[in-house]
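Peer 1: This one is upload-v1.cif, mmCIF, C-alpha atoms and all ligand atoms.
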```cif
data_upload
#
loop_
_atom_site.label_atom_id
_atom_site.label_comp_id
_atom_site.auth_asym_id
_atom_site.auth_seq_id
_atom_site.Cartn_x
_atom_site.Cartn_y
_atom_site.Cartn_z
CA MET A 1 0.00 0.00 0.00
CA ASP A 2 3.02 2.18 0.44
CA ASN A 3 2.91 2.79 -3.27
CA LEU A 4 -0.60 4.22 -3.37
CA ASN A 5 -0.02 6.12 -0.13
CA LYS A 6 3.17 7.66 -1.40
CA PHE A 7 1.75 8.39 -4.80
CA PHE A 8 -1.53 10.10 -3.89
CA ARG A 9 -0.26 12.14 -0.92
CA GLY A 10 -0.60 15.80 -1.93
CA LYS A 11 -1.84 15.05 -5.48
CA LYS A 12 -4.65 17.26 -6.76
CA VAL A 13 -7.53 15.01 -7.76
CA PHE A 14 -10.76 16.19 -9.43
CA ILE A 15 -13.73 13.80 -9.25
CA THR A 16 -16.97 14.28 -11.16
CA GLY A 17 -19.95 12.48 -9.61
CA HIS A 18 -18.18 12.51 -6.25
CA THR A 19 -21.47 12.52 -4.33
CA GLY A 20 -22.66 9.27 -5.93
CA PHE A 21 -22.29 5.79 -4.50
CA LYS A 22 -18.90 5.03 -6.08
CA GLY A 23 -17.81 8.66 -5.94
CA SER A 24 -18.35 8.84 -2.17
CA TRP A 25 -16.14 5.78 -1.59
CA LEU A 26 -13.50 7.01 -4.04
CA THR A 27 -13.46 10.42 -2.33
CA SER A 28 -13.20 8.77 1.10
CA VAL A 29 -10.25 6.59 0.03
CA LEU A 30 -8.44 9.53 -1.58
CA ILE A 31 -8.89 11.69 1.51
CA LYS A 32 -7.42 8.84 3.55
CA LEU A 33 -4.48 8.61 1.15
CA GLY A 34 -3.78 12.31 1.68
CA ALA A 35 -4.86 13.62 -1.74
CA LYS A 36 -6.29 17.11 -2.23
CA VAL A 37 -9.74 16.32 -3.57
CA CYS A 38 -12.14 18.57 -5.47
CA GLY A 39 -15.51 17.06 -6.35
CA TYR A 40 -17.99 18.28 -8.96
CA SER A 41 -21.58 16.95 -8.96
CA LYS A 42 -25.01 18.30 -9.58
CA ILE A 43 -27.28 19.00 -6.64
CA ASP A 44 -29.57 16.03 -6.20
CA GLU A 45 -30.53 13.52 -3.51
CA LYS A 46 -26.97 12.10 -3.61
CA LYS A 47 -25.55 15.17 -1.84
CA ASP A 48 -27.05 14.30 1.58
CA GLN A 49 -26.04 10.65 1.22
CA TYR A 50 -22.46 11.71 0.42
CA ILE A 51 -22.28 14.01 3.44
CA LYS A 52 -23.46 11.14 5.69
CA LEU A 53 -20.92 8.64 4.32
CA CYS A 54 -17.81 10.75 3.73
CA TYR A 55 -15.76 13.30 5.71
CA SER A 56 -16.89 15.72 3.01
CA GLN A 57 -15.51 18.82 4.73
CA LYS A 58 -12.02 17.51 3.89
CA ALA A 59 -12.77 17.89 0.16
CA LYS A 60 -13.60 20.94 -1.90
CA ASN A 61 -17.20 20.41 -3.06
CA ILE A 62 -18.54 22.10 -6.18
CA TYR A 63 -22.19 21.68 -7.11
CA GLY A 64 -22.81 22.08 -10.82
CA ASP A 65 -24.04 20.27 -13.89
CA ILE A 66 -21.57 18.34 -16.03
CA LEU A 67 -23.47 19.80 -19.01
CA ASN A 68 -22.63 23.34 -17.88
CA TYR A 69 -19.47 23.63 -19.98
CA LYS A 70 -18.36 27.04 -18.68
CA LYS A 71 -18.78 26.18 -15.01
CA LEU A 72 -17.01 22.85 -15.44
CA GLU A 73 -14.17 24.48 -17.38
CA ASN A 74 -13.75 27.28 -14.84
CA SER A 75 -13.76 24.79 -11.97
CA LEU A 76 -11.10 22.66 -13.64
CA LYS A 77 -8.93 25.61 -14.64
CA LYS A 78 -9.09 27.02 -11.13
CA PHE A 79 -8.33 23.73 -9.35
CA LYS A 80 -5.54 22.67 -11.78
CA PRO A 81 -5.82 18.91 -11.18
CA ASP A 82 -3.03 16.39 -11.66
CA ILE A 83 -5.60 13.62 -12.02
CA ILE A 84 -9.27 13.48 -13.03
CA PHE A 85 -11.77 10.68 -12.36
CA HIS A 86 -14.96 11.13 -14.37
CA LEU A 87 -17.90 9.30 -12.77
CA ALA A 88 -20.82 11.73 -13.19
CA ALA A 89 -23.58 9.97 -15.05
CA GLN A 90 -27.21 9.00 -15.13
CA ALA A 91 -26.26 5.56 -13.85
CA LEU A 92 -29.52 3.61 -13.82
CA VAL A 93 -30.80 1.32 -16.58
CA SER A 94 -34.39 1.67 -15.31
CA LYS A 95 -34.27 5.49 -15.42
CA SER A 96 -32.76 5.36 -18.88
CA TYR A 97 -36.07 3.92 -20.10
CA SER A 98 -38.15 6.67 -18.48
CA ASP A 99 -35.69 9.45 -19.35
CA PRO A 100 -33.58 8.38 -22.35
CA TYR A 101 -32.83 11.91 -23.54
CA ASN A 102 -31.26 13.03 -20.25
CA THR A 103 -29.37 9.71 -20.00
CA PHE A 104 -27.80 10.12 -23.43
CA GLN A 105 -27.08 13.79 -22.86
CA THR A 106 -25.45 13.36 -19.43
CA ASN A 107 -23.46 10.26 -20.31
CA THR A 108 -22.24 11.29 -23.76
CA VAL A 109 -22.05 15.10 -23.71
CA GLY A 110 -20.82 14.97 -20.10
CA THR A 111 -17.93 12.75 -21.18
CA LEU A 112 -17.34 14.91 -24.26
CA ASN A 113 -17.13 18.03 -22.06
CA ILE A 114 -14.53 16.43 -19.78
CA LEU A 115 -12.48 15.19 -22.73
CA ASN A 116 -12.58 18.50 -24.56
CA ILE A 117 -11.75 20.67 -21.55
CA SER A 118 -8.99 18.30 -20.40
CA ARG A 119 -7.10 18.79 -23.67
CA ASN A 120 -6.07 22.24 -22.50
CA LEU A 121 -5.34 21.60 -18.82
CA LYS A 122 -1.61 22.08 -18.51
CA ASN A 123 -1.00 20.30 -15.20
CA LEU A 124 -3.14 17.30 -15.99
CA LYS A 125 -1.26 13.99 -16.13
CA CYS A 126 -4.07 11.50 -16.26
CA LEU A 127 -7.78 11.18 -16.92
CA VAL A 128 -9.77 8.09 -15.93
CA ILE A 129 -13.29 7.80 -17.36
CA ILE A 130 -15.71 5.39 -15.71
CA THR A 131 -18.08 3.78 -18.22
CA SER A 132 -19.65 0.35 -17.59
CA ASP A 133 -19.60 -3.40 -18.17
CA LYS A 134 -22.83 -2.72 -20.07
CA CYS A 135 -20.95 -0.95 -22.88
CA TYR A 136 -20.30 -4.31 -24.60
CA ARG A 137 -22.67 -5.78 -27.16
CA ASN A 138 -24.16 -8.39 -24.88
CA ILE A 139 -24.69 -11.71 -26.60
CA GLU A 140 -24.73 -13.53 -23.24
CA ILE A 141 -21.48 -15.40 -23.82
CA LYS A 142 -19.96 -17.31 -20.92
CA ARG A 143 -16.28 -16.45 -21.42
CA GLY A 144 -16.65 -12.83 -20.28
CA TYR A 145 -16.09 -9.70 -22.37
CA LYS A 146 -12.56 -8.56 -23.12
CA GLU A 147 -11.55 -4.94 -23.58
CA ASN A 148 -11.41 -5.21 -27.38
CA ASP A 149 -14.81 -6.90 -27.78
CA ILE A 150 -17.48 -5.13 -29.80
CA LEU A 151 -19.37 -2.32 -28.09
CA GLY A 152 -23.15 -2.22 -28.13
CA GLY A 153 -26.09 -1.62 -25.85
CA ASP A 154 -29.76 -2.43 -26.41
CA ASP A 155 -31.10 -0.04 -23.77
CA PRO A 156 -30.46 3.72 -23.55
CA TYR A 157 -28.09 3.45 -20.56
CA SER A 158 -25.87 0.77 -22.09
CA ALA A 159 -25.85 2.50 -25.47
CA SER A 160 -24.95 5.84 -23.86
CA LYS A 161 -21.96 4.19 -22.15
CA ALA A 162 -20.86 2.55 -25.41
CA ALA A 163 -21.20 5.97 -27.08
CA ALA A 164 -19.01 7.51 -24.35
CA GLU A 165 -16.39 4.86 -25.16
CA ILE A 166 -16.50 5.77 -28.86
CA ILE A 167 -16.07 9.47 -28.06
CA PHE A 168 -13.12 8.56 -25.81
CA ASN A 169 -11.51 6.54 -28.60
CA ALA A 170 -11.86 9.37 -31.13
CA TYR A 171 -10.38 11.95 -28.72
CA ASN A 172 -7.58 9.60 -27.79
CA LYS A 173 -6.62 8.83 -31.39
CA SER A 174 -7.19 12.36 -32.71
CA PHE A 175 -5.89 14.64 -29.98
CA TYR A 176 -4.46 12.97 -26.90
CA ASN A 177 -1.84 10.93 -28.70
CA GLN A 178 -0.09 14.24 -29.30
CA ARG A 179 0.28 14.85 -25.56
CA LYS A 180 2.70 12.10 -24.71
CA LYS A 181 2.82 12.97 -21.01
CA LEU A 182 -0.92 12.64 -20.47
CA GLY A 183 -2.46 9.20 -19.97
CA ILE A 184 -6.18 8.59 -20.54
CA ALA A 185 -8.30 5.52 -19.99
CA THR A 186 -11.80 4.13 -19.71
CA THR A 187 -12.80 1.57 -17.11
CA ARG A 188 -15.57 -0.99 -17.15
CA ALA A 189 -16.60 -2.54 -13.85
CA GLY A 190 -19.39 -4.87 -12.81
CA ASN A 191 -22.48 -4.50 -10.64
CA VAL A 192 -21.14 -2.82 -7.60
CA ILE A 193 -22.47 -3.38 -4.10
CA GLY A 194 -21.52 -1.89 -0.74
CA GLY A 195 -22.78 0.45 1.93
CA GLY A 196 -24.27 3.79 1.02
CA ASP A 197 -26.08 2.91 -2.19
CA TRP A 198 -29.68 4.13 -2.15
CA SER A 199 -30.36 4.03 -5.88
CA LYS A 200 -33.74 2.98 -7.22
CA ASP A 201 -34.08 -0.48 -8.78
CA ARG A 202 -30.77 -1.79 -7.47
CA ILE A 203 -31.09 -4.98 -5.49
CA ILE A 204 -29.23 -4.15 -2.24
CA PRO A 205 -30.86 -0.73 -1.74
CA ASP A 206 -34.23 -2.34 -2.54
CA CYS A 207 -33.62 -4.93 0.21
CA ILE A 208 -32.73 -2.28 2.81
CA LYS A 209 -35.68 -0.09 1.84
CA SER A 210 -38.02 -3.09 2.22
CA ILE A 211 -36.61 -3.70 5.73
CA ASN A 212 -36.94 -0.03 6.66
CA LYS A 213 -40.50 0.19 5.40
CA LYS A 214 -41.42 -3.29 6.72
CA LYS A 215 -42.67 -4.17 3.22
CA LYS A 216 -42.27 -7.24 1.00
CA LEU A 217 -39.22 -7.09 -1.26
CA THR A 218 -40.05 -7.15 -4.97
CA ILE A 219 -37.56 -8.93 -7.22
CA ARG A 220 -37.86 -8.71 -10.97
CA ASN A 221 -35.25 -11.04 -12.40
CA PRO A 222 -34.35 -13.56 -9.64
CA ASN A 223 -32.30 -15.83 -11.88
CA SER A 224 -30.23 -13.17 -13.64
CA THR A 225 -26.54 -13.31 -12.83
CA ARG A 226 -24.44 -10.16 -12.61
CA PRO A 227 -20.73 -9.48 -12.03
CA TRP A 228 -21.30 -8.51 -8.37
CA GLN A 229 -18.36 -6.95 -6.58
CA HIS A 230 -17.72 -4.74 -3.59
CA VAL A 231 -17.33 -1.06 -4.46
CA LEU A 232 -13.77 -1.03 -3.06
CA GLU A 233 -12.64 -3.54 -5.70
CA PRO A 234 -13.12 -1.29 -8.76
CA VAL A 235 -12.26 1.84 -6.73
CA PHE A 236 -8.79 0.40 -6.06
CA GLY A 237 -8.61 -0.57 -9.73
CA TYR A 238 -9.20 3.08 -10.70
CA LEU A 239 -6.52 4.23 -8.25
CA ILE A 240 -3.90 1.76 -9.44
CA LEU A 241 -4.69 2.58 -13.05
CA ALA A 242 -4.37 6.34 -12.37
CA MET A 243 -1.00 5.82 -10.70
CA LYS A 244 0.32 3.74 -13.60
CA LEU A 245 -1.10 6.12 -16.21
CA TYR A 246 0.54 9.03 -14.44
CA LYS A 247 3.93 7.32 -14.43
CA LYS A 248 3.80 5.66 -17.88
CA PRO A 249 1.03 7.31 -19.91
CA GLU A 250 1.80 5.69 -23.23
CA LYS A 251 1.95 2.19 -21.79
CA PHE A 252 -1.33 2.32 -19.89
CA THR A 253 -3.58 4.51 -22.05
CA GLY A 254 -6.59 2.44 -23.19
CA SER A 255 -9.53 0.54 -21.72
CA TRP A 256 -9.58 -1.67 -18.63
CA ASN A 257 -12.04 -4.16 -17.15
CA PHE A 258 -12.38 -4.48 -13.38
CA GLY A 259 -14.77 -7.37 -12.83
CA PRO A 260 -15.11 -9.99 -10.09
CA LEU A 261 -13.18 -13.28 -10.11
CA SER A 262 -13.86 -15.05 -13.39
CA ASN A 263 -15.11 -18.29 -11.82
CA GLU A 264 -17.70 -16.52 -9.69
CA THR A 265 -21.34 -16.07 -10.60
CA MET A 266 -24.32 -15.45 -8.40
CA SER A 267 -27.98 -14.94 -9.19
CA VAL A 268 -30.01 -12.02 -7.87
CA LYS A 269 -31.90 -14.46 -5.64
CA ASN A 270 -28.69 -15.85 -4.10
CA VAL A 271 -27.45 -12.33 -3.36
CA VAL A 272 -30.71 -11.53 -1.56
CA ASP A 273 -30.60 -14.80 0.41
CA LEU A 274 -27.03 -14.18 1.53
CA LEU A 275 -27.67 -10.56 2.43
CA PHE A 276 -30.58 -11.44 4.70
CA ILE A 277 -28.61 -14.29 6.32
CA ASN A 278 -25.81 -11.84 7.07
CA LEU A 279 -28.27 -9.30 8.42
CA SER A 280 -29.81 -12.08 10.58
CA LEU A 281 -33.26 -11.10 9.29
CA GLU A 282 -36.21 -12.99 7.84
CA LYS A 283 -37.23 -11.97 4.35
CA LYS A 284 -40.53 -11.79 2.48
CA ILE A 285 -40.16 -11.74 -1.26
CA LEU A 286 -42.53 -11.01 -4.10
CA ILE A 287 -41.34 -12.07 -7.54
CA LYS A 288 -42.66 -9.90 -10.36
CA LYS A 289 -41.94 -10.06 -14.06
CA GLY A 290 -39.45 -7.37 -15.11
CA VAL A 291 -40.99 -4.39 -16.85
CA PHE A 292 -37.93 -3.55 -18.91
CA LYS A 293 -35.54 -5.79 -20.78
CA GLU A 294 -32.25 -6.69 -19.09
CA ALA A 295 -29.69 -9.29 -20.11
CA ASN A 296 -29.68 -12.47 -18.03
CA LEU A 297 -25.95 -13.10 -18.19
CA LEU A 298 -23.22 -10.47 -18.07
CA LYS A 299 -19.61 -11.39 -17.41
CA LEU A 300 -16.35 -9.48 -17.60
CA ASN A 301 -12.88 -10.81 -18.34
CA SER A 302 -10.38 -8.82 -16.25
CA LYS A 303 -7.19 -10.71 -17.08
CA LYS A 304 -5.58 -7.64 -18.65
CA SER A 305 -5.98 -5.58 -15.43
CA LEU A 306 -4.88 -8.47 -13.22
CA LYS A 307 -1.76 -9.06 -15.27
CA LYS A 308 -0.66 -5.63 -16.49
CA LEU A 309 -1.82 -3.41 -13.63
CA LYS A 310 -1.26 -6.04 -10.92
CA TRP A 311 -4.75 -5.18 -9.70
CA LYS A 312 -6.22 -7.86 -7.40
CA ASN A 313 -9.62 -9.26 -6.52
CA PHE A 314 -9.44 -9.45 -2.74
CA TRP A 315 -13.07 -9.77 -1.71
CA ASN A 316 -15.04 -12.54 -3.39
CA MET A 317 -18.81 -12.26 -3.76
CA ARG A 318 -19.59 -13.82 -0.35
CA LYS A 319 -17.17 -11.51 1.45
CA SER A 320 -18.50 -8.52 -0.50
CA ILE A 321 -22.05 -9.33 0.59
CA GLN A 322 -20.87 -9.84 4.20
CA GLU A 323 -19.16 -6.44 4.26
CA THR A 324 -22.18 -4.80 2.65
CA ALA A 325 -24.46 -6.37 5.26
CA LYS A 326 -22.15 -5.13 8.06
CA TRP A 327 -22.42 -1.58 6.74
CA TYR A 328 -26.21 -1.61 6.50
CA LYS A 329 -26.52 -3.35 9.87
CA GLY A 330 -24.66 -0.38 11.33
CA TYR A 331 -26.91 1.98 9.41
CA LEU A 332 -30.08 0.21 10.63
CA VAL A 333 -29.02 0.53 14.28
CA LYS A 334 -28.00 4.17 13.68
CA SER A 335 -24.23 3.72 14.18
CA ASP A 336 -21.80 6.34 12.85
CA ILE A 337 -21.65 5.26 9.20
CA LYS A 338 -18.62 7.43 8.43
CA LYS A 339 -16.71 5.32 10.94
CA ILE A 340 -17.93 2.07 9.39
CA THR A 341 -16.95 3.27 5.91
CA ASN A 342 -13.50 4.26 7.16
CA TYR A 343 -13.04 1.03 9.04
CA GLN A 344 -13.84 -0.97 5.89
CA ILE A 345 -11.41 1.16 3.87
CA ASP A 346 -8.70 0.54 6.50
CA GLU A 347 -9.34 -3.20 6.36
CA TYR A 348 -9.13 -3.13 2.58
CA LEU A 349 -5.97 -1.00 2.56
CA LYS A 350 -4.25 -3.63 4.73
CA LEU A 351 -4.72 -6.16 1.93
CA TYR A 352 -2.47 -4.07 -0.32
CA ASP A 353 0.30 -3.94 2.31
N1 LIG B 1 -22.99 1.26 -9.47
C1 LIG B 1 -22.73 0.35 -10.40
O1 LIG B 1 -23.03 -0.84 -10.22
C2 LIG B 1 -22.01 0.74 -11.67
C3 LIG B 1 -21.63 -0.28 -12.55
C4 LIG B 1 -20.95 0.06 -13.73
C5 LIG B 1 -20.67 1.40 -13.99
N2 LIG B 1 -21.08 2.38 -13.12
C6 LIG B 1 -20.73 3.77 -13.45
O2 LIG B 1 -19.98 4.31 -12.37
C7 LIG B 1 -20.27 5.70 -12.23
C8 LIG B 1 -20.76 5.99 -10.82
O3 LIG B 1 -21.90 5.17 -10.56
P1 LIG B 1 -22.72 5.30 -9.19
O4 LIG B 1 -23.36 4.00 -8.95
O5 LIG B 1 -21.85 5.89 -8.17
O6 LIG B 1 -23.85 6.35 -9.63
P2 LIG B 1 -24.72 7.32 -8.72
O7 LIG B 1 -26.03 7.46 -9.42
O8 LIG B 1 -24.74 6.88 -7.31
O9 LIG B 1 -23.95 8.71 -8.80
C9 LIG B 1 -23.97 9.51 -9.95
C10 LIG B 1 -23.20 10.78 -9.67
O10 LIG B 1 -23.23 11.59 -10.85
C11 LIG B 1 -23.75 12.87 -10.52
N3 LIG B 1 -24.47 13.39 -11.69
C12 LIG B 1 -25.51 12.84 -12.34
N4 LIG B 1 -25.88 13.65 -13.35
C13 LIG B 1 -25.06 14.73 -13.31
C14 LIG B 1 -24.95 15.89 -14.08
N5 LIG B 1 -25.77 16.15 -15.10
N6 LIG B 1 -23.99 16.79 -13.75
C15 LIG B 1 -23.15 16.58 -12.70
N7 LIG B 1 -23.23 15.49 -11.95
C16 LIG B 1 -24.16 14.56 -12.24
C17 LIG B 1 -24.66 12.64 -9.32
O11 LIG B 1 -24.90 13.84 -8.61
C18 LIG B 1 -23.82 11.65 -8.55
O12 LIG B 1 -22.78 12.32 -7.89
C19 LIG B 1 -21.28 6.04 -13.31
O13 LIG B 1 -20.61 6.53 -14.43
C20 LIG B 1 -21.92 4.69 -13.61
O14 LIG B 1 -22.48 4.65 -14.90
C21 LIG B 1 -21.75 2.07 -11.96
#
```
As structure tokens, what does this structure read like?
Peer 2:
Amino acid sequence: MDNLNKFFRGKKVFITGHTGFKGSWLTSVLIKLGAKVCGYSKIDEKKDQYIKLCYSQKAKNIYGDILNYKKLENSLKKFKPDIIFHLAAQALVSKSYSDPYNTFQTNTVGTLNILNISRNLKNLKCLVIITSDKCYRNIEIKRGYKENDILGGDDPYSASKAAAEIIFNAYNKSFYNQRKKLGIATTRAGNVIGGGDWSKDRIIPDCIKSINKKKKLTIRNPNSTRPWQHVLEPVFGYLILAMKLYKKPEKFTGSWNFGPLSNETMSVKNVVDLLFINLSLEKKILIKKGVFKEANLLKLNSKKSLKKLKWKNFWNMRKSIQETAKWYKGYLVKSDIKKITNYQIDEYLKLYD
């Protein structure tokens, strides 16, 4: 861990979407590593959740829309980041059906804005763009998608993430290859779980909400399998990638998968069963047919990241569910959730020692 500690201490890191589920954990880890963090997110329900989870006063927090080009540009020019992580997005498949226009706009034009502004940021050494495992054309193959597989997306969210990847590729090939000291990358991770996610139509938040409201839990696709992983797994992937990109931009520029262990699969139903066992609670489930189309099988192949970045999968699916349950157990009994988050980060950091 010395490496990450040494590397991020004092670095200026700009994070878009820092108030979101992944953004809050990424911000918390970077604060712990001693980075100077500036976050940029729009004002929405995520802000309060972020403030509850993260020692947010230790970061500079800017509230603005990623589509507001001038505000984003001014914020970046003023902060002068060494590193940017771009996470801001409309991140839900379900919402992409009810609001496709906003999904496409936020996820494509948002990424375009970051890429275009970053071209002229003198201090910038690396830019990491978070897209999704859903950017691949999903033909439900068992081997898992590799970074050079064909992009696709049958729903607005997945297509918007594939489109962001195409924009990235064009900017990389057309403009960034002339700035040899700047590394840029996209990352594709799986279905992330962990404390502090309250998003609609995601299975863990749905479970906790059903417990809170003492209502039956509705599951739409009980047999679907997803690349479940704890949020800290891809977050550490992003950090390691940023460090390598910073040091050797030409070698590490490109796209990277950060999925769970390749031999692991778990259905939605199994995840729910395990979560309730770990929470020591009885569950009441209602199975309903899904209202929107989602793929049944989605797998990532992360061999490139494991081999070339020396990224590791430390927490398997069972452990990830256990840690997630611990966090929400603390939340349900009104413990200090900032402390739980930080404790889990400390435990995870030890694994990199
Ligand atoms: N959570 C997952 O399982 C998962 C899986 C694969 C990829 N991703 C990707 O990871 C990233 C983070 O996901 P998350 O789960 O933390 O999402 P989230 O919905 O919890 O957070 C989204 C963040 O983006 C911000 N945002 C949304 N629209 C914005 C706009 N117009 N301007 C400025 N900020 C805006 C929100 O305020 C919030 O900070 C996203 O790009 C998402 O597509 C997530």
Peer 1: Out of A:Tyr157, A:Tyr50, A:Tyr69, A:Phe79, which residue has the shortest atom-to-atom distance to A:Ser98 when counting only C-alpha atoms?
Peer 2: A:Tyr157
Peer 1: Identify, counting all atoms listed in the file, the protein, DNA and RNA residues located within 7 Å of ligand LIG 1 (chain B), and give them as an MDAnalysis selection string.
Peer 2: chainID A and resid 16:23 40:44 46:47 64:67 87:92 106 130:133 188:193 197 199
Peer 1: So how far away is atom CA of A:Cys126 from atom CA of A:Ala159, in Å?
Peer 2: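 For atom CA of A:Ala159 relative to atom CA of A:Cys126, the distance reads 25.3 Å.
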Peer 1: Between atom CA of A:Ala164 and atom CA of A:Asp206, measure the distance and give it in Å to one decimal.
Peer 2: 28.4 Å
Peer 1: Report as a list in words all protein, DNA and RNA residues lying within 8 Å of A:Gly144, evaluated on all atoms listed in the file, omitting residues in the same chain fewer than 6 positions from it.
Peer 2: Ser262, Leu298, Lys299, Leu300 and Asn301 of chain A
Peer 1: Would you please work out which residue, of A:Asp273, A:Tyr246, A:Thr111, A:Met317, is nearest to A:Leu261 when using all atoms listed in the file?
Peer 2: A:Met317
Peer 1: Expressed in Å to a single decimal, how great is the separation between atom CA of A:Ser255 and atom CA of A:Thr187?
Peer 2: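 If I compute the distance from atom CA of A:Ser255 to atom CA of A:Thr187, I get 5.7 Å.
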Peer 1: Using only C-alpha atoms, which protein or nucleic acid residues come within 8 Å of A:Ile203? Drop anything in the same chain fewer than 5 positions from it, and give the result as a CSV table (one decimal) with C-alpha atoms, in the frame of the given file.
Peer 2:
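What landed in selection.csv:
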```
chain,number,residue,atom,x,y,z
A,219,ILE,CA,-37.6,-8.9,-7.2
A,268,VAL,CA,-30.0,-12.0,-7.9
A,272,VAL,CA,-30.7,-11.5,-1.6
```
Peer 1: With a distance cut-off of 7 Å and all atoms listed in the file, select the neighbouring residues of A:Leu309, excluding the residue or stretch itself and same-chain residues fewer than 4 positions from it, and output the selection as a CSV table (one decimal) with C-alpha atoms, in the coordinates of the input.
Peer 2:
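part_26.csv, freshly written:
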```
chain,number,residue,atom,x,y,z
A,240,ILE,CA,-3.9,1.8,-9.4
A,241,LEU,CA,-4.7,2.6,-13.0
A,305,SER,CA,-6.0,-5.6,-15.4
```
Peer 1: Might you pull out every residue within 8 Å of A:Leu182, with only C-alpha atoms counted and same-chain residues fewer than 6 positions away left off, and present them as a PyMOL selection string?
Peer 2: chain A and resi 124-127+176+245-246+249-250
Peer 1: Taking (-15.9, 13.3, 7.2) in the coordinates of the supplied file, I want to know which residues reach to within 12 Å of it, counting all atoms listed in the file; could you give the answer as a PyMOL selection string?
Peer 2: chain A and resi 24-25+27-29+31-32+50-59+336-342
Peer 1: Determine the nearest neighbour of A:Ile62 from the options A:Lys326, A:Val93, A:Ile15, A:Lys248, counting all atoms listed in the file.
Peer 2: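 Counting all atoms listed in the file, the residue closest to A:Ile62 is A:Ile15.
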Peer 1: Of the candidates A:Gly183, A:Gly195, A:Gly10, A:Pro234, which one gets nearest to A:Ile84 if we count all atoms listed in the file?
Peer 2: A:Gly183
Peer 1: Show which residues sit within 10 Å of A:Tyr238, as a list of chain:residue names. Count all atoms listed in the file, and ignore same-chain residues fewer than 5 positions away.
Peer 2: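 Final neighbour list, sorted by chain and number: A:Leu26, A:Phe85, A:Val128, A:Ile129, A:Ile130, A:Ala185, A:Thr186, A:Thr187, A:Arg188, A:Ala189, A:Leu232, A:Glu233, A:Met243, A:Lys244, A:Trp256, A:Phe258, A:Trp311.
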Peer 1: What box, with edges along x, y and z, holds each listed atom of stretch 32-41 of chain A when 3 Å is added on every side, and can you state its centre and edge lengths in Å to one decimal, as AutoDock Vina command-line options?
Peer 2:
```
--center_x -12.7 --center_y 13.6 --center_z -2.7 --size_x 23.8 --size_y 16.0 --size_z 18.5
```
Peer 1: Counting only C-alpha atoms, which residues in stretch 124-241 of chain A sit no more than 7 Å from stretch 278-285 of chain A? For each one, give the nearest pair of atoms and the distance in Å, sorted by chain then residue number, as a Markdown table.
Peer 2:
```
| residue | atom | partner | partner_atom | distance |
| --- | --- | --- | --- | --- |
| A:Lys216 | CA | A:Lys284 | CA | 5.1 |
| A:Leu217 | CA | A:Ile285 | CA | 4.7 |
| A:Thr218 | CA | A:Ile285 | CA | 5.9 |
```
Peer 1: With distances taken over all atoms listed in the file, which residue among A:Ala325, A:Leu349, A:Ile117, A:Ile184 lies nearest A:Phe252?
Peer 2: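 Residue with the minimum atom-to-atom distance to A:Phe252: A:Ile184.
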Peer 1: Using all atoms listed in the file, can you tell me which of A:Ser158, A:Leu239, A:Arg179, A:Asn212 comes closest to A:Asn5?
Peer 2: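 Result for the nearest residue to A:Asn5: A:Leu239.
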Peer 1: Generate the missing atoms of stretch 244-251 of chain A up to N, CA, C and O atoms and report them as a PDB file, in the frame of the given file.
Peer 2:
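Saved file part.pdb follows:
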```pdb
ATOM      1  N   LYS A 244      -0.503   4.266 -12.496  1.00  0.00           N
ATOM      2  CA  LYS A 244       0.320   3.740 -13.600  1.00  0.00           C
ATOM      3  C   LYS A 244       0.260   4.665 -14.813  1.00  0.00           C
ATOM      4  O   LYS A 244       1.266   4.886 -15.488  1.00  0.00           O
ATOM      5  N   LEU A 245      -0.937   5.196 -15.073  1.00  0.00           N
ATOM      6  CA  LEU A 245      -1.100   6.120 -16.210  1.00  0.00           C
ATOM      7  C   LEU A 245      -0.256   7.369 -16.023  1.00  0.00           C
ATOM      8  O   LEU A 245       0.322   7.894 -16.970  1.00  0.00           O
ATOM      9  N   TYR A 246      -0.205   7.823 -14.800  1.00  0.00           N
ATOM     10  CA  TYR A 246       0.540   9.030 -14.440  1.00  0.00           C
ATOM     11  C   TYR A 246       2.034   8.806 -14.711  1.00  0.00           C
ATOM     12  O   TYR A 246       2.718   9.659 -15.258  1.00  0.00           O
ATOM     13  N   LYS A 247       2.488   7.593 -14.320  1.00  0.00           N
ATOM     14  CA  LYS A 247       3.930   7.320 -14.430  1.00  0.00           C
ATOM     15  C   LYS A 247       4.326   6.920 -15.855  1.00  0.00           C
ATOM     16  O   LYS A 247       5.397   7.295 -16.323  1.00  0.00           O
ATOM     17  N   LYS A 248       3.481   6.116 -16.512  1.00  0.00           N
ATOM     18  CA  LYS A 248       3.800   5.660 -17.880  1.00  0.00           C
ATOM     19  C   LYS A 248       2.576   5.819 -18.778  1.00  0.00           C
ATOM     20  O   LYS A 248       1.890   4.830 -19.097  1.00  0.00           O
ATOM     21  N   PRO A 249       2.277   7.058 -19.184  1.00  0.00           N
ATOM     22  CA  PRO A 249       1.030   7.310 -19.910  1.00  0.00           C
ATOM     23  C   PRO A 249       0.876   6.487 -21.186  1.00  0.00           C
ATOM     24  O   PRO A 249      -0.190   5.946 -21.454  1.00  0.00           O
ATOM     25  N   GLU A 250       1.943   6.389 -21.941  1.00  0.00           N
ATOM     26  CA  GLU A 250       1.800   5.690 -23.230  1.00  0.00           C
ATOM     27  C   GLU A 250       1.493   4.207 -23.041  1.00  0.00           C
ATOM     28  O   GLU A 250       0.724   3.606 -23.776  1.00  0.00           O
ATOM     29  N   LYS A 251       2.128   3.621 -22.016  1.00  0.00           N
ATOM     30  CA  LYS A 251       1.950   2.190 -21.790  1.00  0.00           C
ATOM     31  C   LYS A 251       0.533   1.830 -21.318  1.00  0.00           C
ATOM     32  O   LYS A 251       0.002   0.780 -21.669  1.00  0.00           O
TER      33      LYS A 251
END
```
